[in-house]
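Peer 1: Submitted below is the structure of interest, expressed as structure tokens.
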Amino acid sequence: MVTNVVKRPPGRPKGFIPDEALDRAVEMFWEHGFEGVDVERIARAVNVTKPALYRAFGDKSTLLLRAVERYALIYGAPKMAAFQAEPDIHKAVTTFCEVTVNTATGDARSGCMLAAAALGRSERVTEIRSWLANGFTASADVFAKRFEQEVKAGRLPRTPSAKVRGRLLVDLLQGVQLRAKVGITRKELLEDVRSYVPLILGERI
């Protein structure tokens, strides 16, 4: 008996959307860490084959790097844009801190996916750490530039310096996200970050 079977050519499955796959990878790496997730599991979650995922992103370590970049784009960039766009500096810092806490205290996920990636054992961990170091420095510089503008406009005192304020904000938020990872409640973290705002801005309390 002869049957005419049309074989699908190799390649990405119909409907495969790389960004959606990356979003799912972000969620899974964020929740379970690098060691707690395998590529087969991610592939099943987005309804593609493991070879298709490899073709799109490379090996698991490279997928993690791409997920880190995706996390920064989805969760980091909008916060920075909102911070820069808000005309009132007190509100800008407060909102940025509150959004950071809300992001770090999600239902299944907690803490910071970036920190988890930097502490993992992937083959790309050195590259990830370098990428994050540059990212943290860039974020601190964005904060510092805005703080310097506020100082020059007379809306903030000159001490602490804008540079110190920028780095302090980055360091405080990383600590807050670590506390979220170990189970500190959203309510407590929100109360804490709101109390940090006057310290960052050098306001009298």
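Identifiers in the structure tokens: chain A, B, ... in order shown; residue index from 1 per chain; ligand index from 1 in order shown.
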Considering only C-alpha atoms, return as a PyMOL selection string whatever protein or nucleic-acid residues lie within 12 Å of Ile184 of chain A, sequence-local ones (same chain, fewer than 4 positions apart) excluded.

Peer 2: chain A and resi 101+104-105+110-111+175-180+188-192

Peer 1: Extract, using only C-alpha atoms, all DNA, RNA and protein residues at most 12 Å from Phe136 of chain A, discarding same-chain residues fewer than 2 positions from it, and format them as number ranges by chain.

Peer 2: A: 72, 76, 80, 114-115, 129-134, 138-143, 166-171, 173-174

Peer 1: Please produce an output containing C-alpha atoms for each residue in the selection, written as a PDB file, in the first residue's frame.

Peer 2:
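Heads up, here's the output in result-v5.pdb:
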ATOM      1  CA  ALA A  72      15.926  43.610  31.672  1.00  0.00           C
ATOM      2  CA  GLY A  76      13.891  47.081  33.902  1.00  0.00           C
ATOM      3  CA  MET A  80      13.860  53.474  34.202  1.00  0.00           C
ATOM      4  CA  LEU A 114      19.197  38.835  37.321  1.00  0.00           C
ATOM      5  CA  ALA A 115      20.758  38.082  40.695  1.00  0.00           C
ATOM      6  CA  ARG A 129      28.020  38.789  35.436  1.00  0.00           C
ATOM      7  CA  SER A 130      29.916  41.195  33.200  1.00  0.00           C
ATOM      8  CA  TRP A 131      26.677  42.166  31.448  1.00  0.00           C
ATOM      9  CA  LEU A 132      24.962  42.769  34.797  1.00  0.00           C
ATOM     10  CA  ALA A 133      27.889  44.760  36.194  1.00  0.00           C
ATOM     11  CA  ASN A 134      27.680  47.079  33.213  1.00  0.00           C
ATOM     12  CA  ALA A 138      24.542  52.249  33.763  1.00  0.00           C
ATOM     13  CA  SER A 139      21.463  52.332  36.031  1.00  0.00           C
ATOM     14  CA  ALA A 140      23.384  54.113  38.793  1.00  0.00           C
ATOM     15  CA  ASP A 141      24.604  56.638  36.218  1.00  0.00           C
ATOM     16  CA  VAL A 142      21.033  57.303  35.033  1.00  0.00           C
ATOM     17  CA  PHE A 143      19.946  57.921  38.617  1.00  0.00           C
ATOM     18  CA  GLY A 166      22.651  56.656  42.375  1.00  0.00           C
ATOM     19  CA  ARG A 167      24.727  53.782  43.694  1.00  0.00           C
ATOM     20  CA  LEU A 168      22.826  53.754  46.973  1.00  0.00           C
ATOM     21  CA  LEU A 169      19.529  53.343  45.134  1.00  0.00           C
ATOM     22  CA  VAL A 170      20.879  50.415  43.106  1.00  0.00           C
ATOM     23  CA  ASP A 171      22.361  48.724  46.180  1.00  0.00           C
ATOM     24  CA  LEU A 173      16.986  47.745  45.678  1.00  0.00           C
ATOM     25  CA  GLN A 174      19.217  44.707  45.201  1.00  0.00           C
TER      26      GLN A 174
END

Peer 1: Counting only C-alpha atoms, figure out which residue out of A:Cys112, A:Val125, A:Ala118, A:Ile89 gets nearest to Phe147 of chain A.

Peer 2: A:Ile89

Peer 1: Let me make sure I understand: among A:Val93, A:Ala85, A:Val193, A:Lys187, which one has the smallest atom-to-atom distance to Arg165 of chain A if we use only C-alpha atoms?

Peer 2: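 When distances to Arg165 of chain A are compared using only C-alpha atoms, the smallest one comes from A:Val93.
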
Peer 1: Which is closest to Phe83 of chain A among A:Thr100, A:Arg70, A:Leu22, A:Ile17, if we use only C-alpha atoms?

Peer 2: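 Among the listed residues, A:Thr100 lies closest to Phe83 of chain A.
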
Peer 1: I'd like the contact shell of Gln149 of chain A - 12 Å cut-off, only C-alpha atoms, skipping same-chain residues fewer than 2 positions apart - returned as a short mmCIF file (atom, residue, chain, number, x, y, z; two decimals) with all heavy atoms, in the first residue's frame.

Peer 2:
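In the end it all went to around_19.cif:
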data_model
loop_
_atom_site.label_atom_id
_atom_site.label_comp_id
_atom_site.auth_asym_id
_atom_site.auth_seq_id
_atom_site.Cartn_x
_atom_site.Cartn_y
_atom_site.Cartn_z
N GLN A 84 12.64 58.52 34.78
CA GLN A 84 13.14 59.69 34.09
C GLN A 84 12.02 60.65 33.67
O GLN A 84 12.22 61.86 33.61
CB GLN A 84 13.94 59.27 32.86
CG GLN A 84 15.24 58.55 33.20
CD GLN A 84 15.95 58.03 31.97
OE1 GLN A 84 15.52 57.06 31.35
NE2 GLN A 84 17.04 58.67 31.59
N PRO A 87 8.22 64.13 36.69
CA PRO A 87 8.83 65.43 36.99
C PRO A 87 9.19 65.64 38.47
O PRO A 87 10.13 66.36 38.78
CB PRO A 87 7.77 66.44 36.53
CG PRO A 87 6.49 65.68 36.54
CD PRO A 87 6.84 64.27 36.18
N ASP A 88 8.45 65.02 39.36
CA ASP A 88 8.71 65.19 40.79
C ASP A 88 9.69 64.12 41.25
O ASP A 88 9.39 62.92 41.17
CB ASP A 88 7.41 65.09 41.59
CG ASP A 88 7.63 65.25 43.08
OD1 ASP A 88 7.67 66.40 43.55
OD2 ASP A 88 7.80 64.23 43.77
N ILE A 89 10.86 64.50 41.75
CA ILE A 89 11.91 63.54 42.07
C ILE A 89 11.52 62.62 43.23
O ILE A 89 11.84 61.44 43.23
CB ILE A 89 13.25 64.26 42.38
CG1 ILE A 89 14.38 63.24 42.53
CG2 ILE A 89 13.12 65.15 43.60
CD1 ILE A 89 14.64 62.39 41.33
N VAL A 142 22.31 56.66 35.39
CA VAL A 142 21.03 57.30 35.03
C VAL A 142 20.44 58.01 36.25
O VAL A 142 20.00 59.17 36.17
CB VAL A 142 20.03 56.26 34.48
CG1 VAL A 142 18.63 56.86 34.37
CG2 VAL A 142 20.49 55.76 33.12
N PHE A 143 20.44 57.31 37.39
CA PHE A 143 19.95 57.92 38.62
C PHE A 143 20.77 59.16 38.97
O PHE A 143 20.23 60.21 39.32
CB PHE A 143 20.00 56.92 39.77
CG PHE A 143 19.09 55.75 39.62
CD1 PHE A 143 19.52 54.46 39.95
CD2 PHE A 143 17.79 55.90 39.18
CE1 PHE A 143 18.68 53.37 39.83
CE2 PHE A 143 16.94 54.82 39.05
CZ PHE A 143 17.39 53.55 39.38
N ALA A 144 22.10 59.01 38.90
CA ALA A 144 22.99 60.10 39.29
C ALA A 144 22.78 61.34 38.42
O ALA A 144 22.79 62.47 38.91
CB ALA A 144 24.45 59.64 39.21
N LYS A 145 22.60 61.12 37.13
CA LYS A 145 22.37 62.25 36.22
C LYS A 145 21.11 63.01 36.61
O LYS A 145 21.10 64.25 36.63
CB LYS A 145 22.27 61.74 34.78
CG LYS A 145 22.10 62.85 33.76
CD LYS A 145 22.08 62.28 32.34
CE LYS A 145 21.91 63.40 31.31
NZ LYS A 145 21.88 62.85 29.92
N ARG A 146 20.06 62.26 36.92
CA ARG A 146 18.80 62.90 37.32
C ARG A 146 18.98 63.62 38.66
O ARG A 146 18.51 64.76 38.85
CB ARG A 146 17.69 61.86 37.42
CG ARG A 146 16.36 62.40 37.98
CD ARG A 146 15.69 63.36 37.00
NE ARG A 146 14.55 64.02 37.60
CZ ARG A 146 13.32 63.47 37.70
NH1 ARG A 146 13.09 62.25 37.23
NH2 ARG A 146 12.33 64.13 38.25
N PHE A 147 19.67 62.99 39.61
CA PHE A 147 19.89 63.62 40.90
C PHE A 147 20.72 64.90 40.75
O PHE A 147 20.47 65.90 41.43
CB PHE A 147 20.59 62.65 41.86
CG PHE A 147 19.74 61.50 42.30
CD1 PHE A 147 20.28 60.23 42.47
CD2 PHE A 147 18.39 61.67 42.57
CE1 PHE A 147 19.49 59.17 42.86
CE2 PHE A 147 17.59 60.62 42.98
CZ PHE A 147 18.15 59.36 43.13
N VAL A 151 19.79 68.67 41.95
CA VAL A 151 20.67 69.47 42.81
C VAL A 151 20.90 70.84 42.19
O VAL A 151 20.80 71.88 42.86
CB VAL A 151 22.02 68.74 43.03
CG1 VAL A 151 23.02 69.69 43.70
CG2 VAL A 151 21.82 67.51 43.90
N LYS A 152 21.23 70.88 40.91
CA LYS A 152 21.48 72.14 40.22
C LYS A 152 20.25 73.04 40.19
O LYS A 152 20.37 74.28 40.21
CB LYS A 152 21.96 71.87 38.79
CG LYS A 152 23.36 71.28 38.72
CD LYS A 152 23.78 71.04 37.27
CE LYS A 152 25.21 70.51 37.21
NZ LYS A 152 25.65 70.24 35.82
N ALA A 153 19.08 72.41 40.18
CA ALA A 153 17.84 73.18 40.18
C ALA A 153 17.43 73.63 41.58
O ALA A 153 16.44 74.35 41.74
CB ALA A 153 16.71 72.36 39.56
N GLY A 154 18.20 73.19 42.58
CA GLY A 154 17.91 73.59 43.95
C GLY A 154 16.82 72.79 44.62
O GLY A 154 16.33 73.17 45.69
N ARG A 155 16.46 71.66 44.02
CA ARG A 155 15.39 70.84 44.60
C ARG A 155 15.90 69.74 45.51
O ARG A 155 15.12 69.09 46.20
CB ARG A 155 14.54 70.24 43.47
CG ARG A 155 13.70 71.27 42.72
CD ARG A 155 12.76 70.63 41.73
NE ARG A 155 13.47 70.11 40.56
CZ ARG A 155 13.67 70.80 39.44
NH1 ARG A 155 13.22 72.06 39.35
NH2 ARG A 155 14.31 70.26 38.43
N LEU A 156 17.22 69.53 45.51
CA LEU A 156 17.84 68.55 46.40
C LEU A 156 19.09 69.17 47.02
O LEU A 156 19.77 69.98 46.37
CB LEU A 156 18.25 67.28 45.64
CG LEU A 156 17.17 66.31 45.19
CD1 LEU A 156 17.81 65.12 44.46
CD2 LEU A 156 16.33 65.82 46.35
N PRO A 157 19.41 68.80 48.25
CA PRO A 157 20.66 69.27 48.84
C PRO A 157 21.86 68.64 48.12
O PRO A 157 21.72 67.62 47.46
CB PRO A 157 20.57 68.78 50.29
CG PRO A 157 19.63 67.62 50.25
CD PRO A 157 18.64 67.94 49.17
N ARG A 158 23.03 69.23 48.27
CA ARG A 158 24.21 68.76 47.55
C ARG A 158 24.80 67.48 48.14
O ARG A 158 25.57 66.79 47.47
CB ARG A 158 25.28 69.84 47.51
CG ARG A 158 24.88 71.02 46.63
CD ARG A 158 26.05 71.93 46.34
NE ARG A 158 25.69 72.90 45.31
CZ ARG A 158 25.75 72.66 44.01
NH1 ARG A 158 26.16 71.49 43.57
NH2 ARG A 158 25.39 73.59 43.14
N SER A 161 26.36 63.14 47.47
CA SER A 161 26.54 63.48 46.07
C SER A 161 25.57 62.70 45.19
O SER A 161 25.04 61.65 45.59
CB SER A 161 27.98 63.18 45.64
OG SER A 161 28.20 61.78 45.58
N ALA A 162 25.35 63.21 43.99
CA ALA A 162 24.46 62.53 43.05
C ALA A 162 24.98 61.11 42.75
O ALA A 162 24.19 60.17 42.62
CB ALA A 162 24.36 63.34 41.76
N LYS A 163 26.28 60.96 42.63
CA LYS A 163 26.87 59.66 42.33
C LYS A 163 26.60 58.67 43.45
O LYS A 163 26.23 57.51 43.21
CB LYS A 163 28.37 59.81 42.11
CG LYS A 163 29.06 58.57 41.62
CD LYS A 163 30.52 58.86 41.30
CE LYS A 163 31.22 57.63 40.72
NZ LYS A 163 32.64 57.94 40.37
#

Peer 1: Could you jot down the atom CA of Asp19 of chain A to atom CA of Val99 of chain A separation for me, Å, one decimal place?

Peer 2: 23.0 Å

Peer 1: Can you tell me, as a PDB file with C-alpha atoms, in the first residue's frame, which residues in chain A count as helix (DSSP H, G or I) by DSSP?

Peer 2:
ATOM      1  CA  PRO A  18      10.680  33.508  19.877  1.00  0.00           C
ATOM      2  CA  ASP A  19       9.730  36.372  22.227  1.00  0.00           C
ATOM      3  CA  GLU A  20       6.938  34.306  23.775  1.00  0.00           C
ATOM      4  CA  ALA A  21       9.366  31.442  24.290  1.00  0.00           C
ATOM      5  CA  LEU A  22      11.816  33.835  25.918  1.00  0.00           C
ATOM      6  CA  ASP A  23       9.095  35.195  28.201  1.00  0.00           C
ATOM      7  CA  ARG A  24       8.324  31.670  29.384  1.00  0.00           C
ATOM      8  CA  ALA A  25      12.026  30.954  29.850  1.00  0.00           C
ATOM      9  CA  VAL A  26      12.304  34.112  31.961  1.00  0.00           C
ATOM     10  CA  GLU A  27       9.469  32.945  34.201  1.00  0.00           C
ATOM     11  CA  MET A  28      10.910  29.470  34.633  1.00  0.00           C
ATOM     12  CA  PHE A  29      14.518  30.531  35.246  1.00  0.00           C
ATOM     13  CA  TRP A  30      13.228  33.196  37.616  1.00  0.00           C
ATOM     14  CA  GLU A  31      11.173  30.736  39.634  1.00  0.00           C
ATOM     15  CA  HIS A  32      13.444  27.691  39.568  1.00  0.00           C
ATOM     16  CA  VAL A  39      15.408  22.858  27.966  1.00  0.00           C
ATOM     17  CA  GLU A  40      12.926  20.030  27.444  1.00  0.00           C
ATOM     18  CA  ARG A  41      10.691  21.499  30.131  1.00  0.00           C
ATOM     19  CA  ILE A  42      10.834  24.980  28.590  1.00  0.00           C
ATOM     20  CA  ALA A  43      10.101  23.507  25.153  1.00  0.00           C
ATOM     21  CA  ARG A  44       7.016  21.722  26.466  1.00  0.00           C
ATOM     22  CA  ALA A  45       5.833  24.916  28.146  1.00  0.00           C
ATOM     23  CA  LYS A  50      13.635  20.890  22.040  1.00  0.00           C
ATOM     24  CA  PRO A  51      15.600  20.971  18.741  1.00  0.00           C
ATOM     25  CA  ALA A  52      13.480  23.950  17.625  1.00  0.00           C
ATOM     26  CA  LEU A  53      14.357  25.787  20.823  1.00  0.00           C
ATOM     27  CA  TYR A  54      18.038  24.995  20.338  1.00  0.00           C
ATOM     28  CA  ARG A  55      17.907  26.259  16.761  1.00  0.00           C
ATOM     29  CA  ALA A  56      16.340  29.509  17.894  1.00  0.00           C
ATOM     30  CA  PHE A  57      18.520  30.255  20.899  1.00  0.00           C
ATOM     31  CA  LYS A  60      20.772  26.240  27.579  1.00  0.00           C
ATOM     32  CA  SER A  61      23.394  28.702  28.824  1.00  0.00           C
ATOM     33  CA  THR A  62      22.831  30.956  25.836  1.00  0.00           C
ATOM     34  CA  LEU A  63      19.080  30.732  26.379  1.00  0.00           C
ATOM     35  CA  LEU A  64      19.653  31.942  29.949  1.00  0.00           C
ATOM     36  CA  LEU A  65      21.679  34.896  28.674  1.00  0.00           C
ATOM     37  CA  ARG A  66      18.925  35.801  26.227  1.00  0.00           C
ATOM     38  CA  ALA A  67      16.378  35.441  29.058  1.00  0.00           C
ATOM     39  CA  VAL A  68      18.425  37.818  31.226  1.00  0.00           C
ATOM     40  CA  GLU A  69      18.398  40.373  28.416  1.00  0.00           C
ATOM     41  CA  ARG A  70      14.662  39.862  27.958  1.00  0.00           C
ATOM     42  CA  TYR A  71      14.033  40.311  31.702  1.00  0.00           C
ATOM     43  CA  ALA A  72      15.926  43.610  31.672  1.00  0.00           C
ATOM     44  CA  LEU A  73      13.929  44.797  28.662  1.00  0.00           C
ATOM     45  CA  ILE A  74      10.528  43.819  30.062  1.00  0.00           C
ATOM     46  CA  TYR A  75      10.987  44.643  33.748  1.00  0.00           C
ATOM     47  CA  GLY A  76      13.891  47.081  33.902  1.00  0.00           C
ATOM     48  CA  ALA A  77      13.599  49.454  30.947  1.00  0.00           C
ATOM     49  CA  PRO A  78       9.991  50.595  31.645  1.00  0.00           C
ATOM     50  CA  LYS A  79      10.878  51.390  35.268  1.00  0.00           C
ATOM     51  CA  MET A  80      13.860  53.474  34.202  1.00  0.00           C
ATOM     52  CA  ALA A  81      11.760  55.302  31.607  1.00  0.00           C
ATOM     53  CA  ALA A  82       9.083  56.056  34.202  1.00  0.00           C
ATOM     54  CA  PHE A  83      11.707  57.306  36.651  1.00  0.00           C
ATOM     55  CA  GLN A  84      13.141  59.693  34.086  1.00  0.00           C
ATOM     56  CA  ALA A  85       9.743  60.898  32.898  1.00  0.00           C
ATOM     57  CA  ILE A  89      11.909  63.542  42.071  1.00  0.00           C
ATOM     58  CA  HIS A  90      10.371  62.306  45.323  1.00  0.00           C
ATOM     59  CA  LYS A  91       7.557  60.640  43.416  1.00  0.00           C
ATOM     60  CA  ALA A  92       9.994  59.293  40.799  1.00  0.00           C
ATOM     61  CA  VAL A  93      12.132  57.529  43.400  1.00  0.00           C
ATOM     62  CA  THR A  94       9.136  56.333  45.415  1.00  0.00           C
ATOM     63  CA  THR A  95       7.377  54.860  42.401  1.00  0.00           C
ATOM     64  CA  PHE A  96      10.556  53.188  41.153  1.00  0.00           C
ATOM     65  CA  CYS A  97      11.097  51.557  44.548  1.00  0.00           C
ATOM     66  CA  GLU A  98       7.480  50.437  44.856  1.00  0.00           C
ATOM     67  CA  VAL A  99       7.433  48.889  41.377  1.00  0.00           C
ATOM     68  CA  THR A 100      10.673  47.063  42.178  1.00  0.00           C
ATOM     69  CA  VAL A 101       9.083  45.544  45.283  1.00  0.00           C
ATOM     70  CA  ASN A 102       5.902  44.597  43.435  1.00  0.00           C
ATOM     71  CA  THR A 103       7.919  42.906  40.688  1.00  0.00           C
ATOM     72  CA  ALA A 104      10.035  41.025  43.225  1.00  0.00           C
ATOM     73  CA  MET A 113      15.974  36.969  38.155  1.00  0.00           C
ATOM     74  CA  LEU A 114      19.197  38.835  37.321  1.00  0.00           C
ATOM     75  CA  ALA A 115      20.758  38.082  40.695  1.00  0.00           C
ATOM     76  CA  ALA A 116      19.763  34.426  40.412  1.00  0.00           C
ATOM     77  CA  ALA A 117      21.403  34.225  36.982  1.00  0.00           C
ATOM     78  CA  ALA A 118      24.593  35.853  38.259  1.00  0.00           C
ATOM     79  CA  VAL A 125      27.831  32.967  33.958  1.00  0.00           C
ATOM     80  CA  THR A 126      30.997  35.053  33.529  1.00  0.00           C
ATOM     81  CA  GLU A 127      29.437  36.819  30.559  1.00  0.00           C
ATOM     82  CA  ILE A 128      26.189  37.284  32.457  1.00  0.00           C
ATOM     83  CA  ARG A 129      28.020  38.789  35.436  1.00  0.00           C
ATOM     84  CA  SER A 130      29.916  41.195  33.200  1.00  0.00           C
ATOM     85  CA  TRP A 131      26.677  42.166  31.448  1.00  0.00           C
ATOM     86  CA  LEU A 132      24.962  42.769  34.797  1.00  0.00           C
ATOM     87  CA  ALA A 133      27.889  44.760  36.194  1.00  0.00           C
ATOM     88  CA  ASN A 134      27.680  47.079  33.213  1.00  0.00           C
ATOM     89  CA  GLY A 135      23.901  47.262  33.627  1.00  0.00           C
ATOM     90  CA  PHE A 136      24.077  48.157  37.316  1.00  0.00           C
ATOM     91  CA  THR A 137      26.676  50.833  36.580  1.00  0.00           C
ATOM     92  CA  ALA A 138      24.542  52.249  33.763  1.00  0.00           C
ATOM     93  CA  SER A 139      21.463  52.332  36.031  1.00  0.00           C
ATOM     94  CA  ALA A 140      23.384  54.113  38.793  1.00  0.00           C
ATOM     95  CA  ASP A 141      24.604  56.638  36.218  1.00  0.00           C
ATOM     96  CA  VAL A 142      21.033  57.303  35.033  1.00  0.00           C
ATOM     97  CA  PHE A 143      19.946  57.921  38.617  1.00  0.00           C
ATOM     98  CA  ALA A 144      22.989  60.104  39.289  1.00  0.00           C
ATOM     99  CA  LYS A 145      22.368  62.247  36.218  1.00  0.00           C
ATOM    100  CA  ARG A 146      18.801  62.903  37.321  1.00  0.00           C
ATOM    101  CA  PHE A 147      19.893  63.622  40.904  1.00  0.00           C
ATOM    102  CA  GLU A 148      22.541  66.064  39.647  1.00  0.00           C
ATOM    103  CA  GLN A 149      19.881  67.917  37.651  1.00  0.00           C
ATOM    104  CA  GLU A 150      17.732  68.170  40.770  1.00  0.00           C
ATOM    105  CA  VAL A 151      20.673  69.467  42.811  1.00  0.00           C
ATOM    106  CA  LYS A 152      21.485  72.142  40.219  1.00  0.00           C
ATOM    107  CA  ALA A 162      24.464  62.526  43.048  1.00  0.00           C
ATOM    108  CA  LYS A 163      26.868  59.658  42.328  1.00  0.00           C
ATOM    109  CA  VAL A 164      26.513  58.262  45.850  1.00  0.00           C
ATOM    110  CA  ARG A 165      22.725  58.580  45.658  1.00  0.00           C
ATOM    111  CA  GLY A 166      22.651  56.656  42.375  1.00  0.00           C
ATOM    112  CA  ARG A 167      24.727  53.782  43.694  1.00  0.00           C
ATOM    113  CA  LEU A 168      22.826  53.754  46.973  1.00  0.00           C
ATOM    114  CA  LEU A 169      19.529  53.343  45.134  1.00  0.00           C
ATOM    115  CA  VAL A 170      20.879  50.415  43.106  1.00  0.00           C
ATOM    116  CA  ASP A 171      22.361  48.724  46.180  1.00  0.00           C
ATOM    117  CA  LEU A 172      19.262  49.217  48.318  1.00  0.00           C
ATOM    118  CA  LEU A 173      16.986  47.745  45.678  1.00  0.00           C
ATOM    119  CA  GLN A 174      19.217  44.707  45.201  1.00  0.00           C
ATOM    120  CA  GLY A 175      19.039  44.116  48.948  1.00  0.00           C
ATOM    121  CA  VAL A 176      15.266  44.517  48.913  1.00  0.00           C
ATOM    122  CA  GLN A 177      14.965  41.939  46.126  1.00  0.00           C
ATOM    123  CA  LEU A 178      17.116  39.483  48.079  1.00  0.00           C
ATOM    124  CA  ARG A 179      14.851  39.947  51.077  1.00  0.00           C
ATOM    125  CA  ALA A 180      11.863  39.258  48.843  1.00  0.00           C
ATOM    126  CA  LYS A 181      13.513  36.025  47.698  1.00  0.00           C
ATOM    127  CA  ARG A 186       5.435  42.747  50.223  1.00  0.00           C
ATOM    128  CA  LYS A 187       3.821  44.919  52.898  1.00  0.00           C
ATOM    129  CA  GLU A 188       6.993  45.074  54.973  1.00  0.00           C
ATOM    130  CA  LEU A 189       9.197  45.717  51.957  1.00  0.00           C
ATOM    131  CA  LEU A 190       6.958  48.518  50.706  1.00  0.00           C
ATOM    132  CA  GLU A 191       7.052  50.159  54.128  1.00  0.00           C
ATOM    133  CA  ASP A 192      10.831  49.903  54.136  1.00  0.00           C
ATOM    134  CA  VAL A 193      11.454  51.300  50.652  1.00  0.00           C
ATOM    135  CA  ARG A 194       9.165  54.244  51.330  1.00  0.00           C
ATOM    136  CA  SER A 195      11.214  55.018  54.424  1.00  0.00           C
ATOM    137  CA  TYR A 196      14.407  54.864  52.368  1.00  0.00           C
ATOM    138  CA  VAL A 197      13.334  57.573  49.931  1.00  0.00           C
ATOM    139  CA  PRO A 198      14.132  60.557  52.228  1.00  0.00           C
ATOM    140  CA  LEU A 199      17.541  59.006  52.983  1.00  0.00           C
ATOM    141  CA  ILE A 200      18.342  58.647  49.280  1.00  0.00           C
ATOM    142  CA  LEU A 201      17.222  62.176  48.519  1.00  0.00           C
TER     143      LEU A 201
END
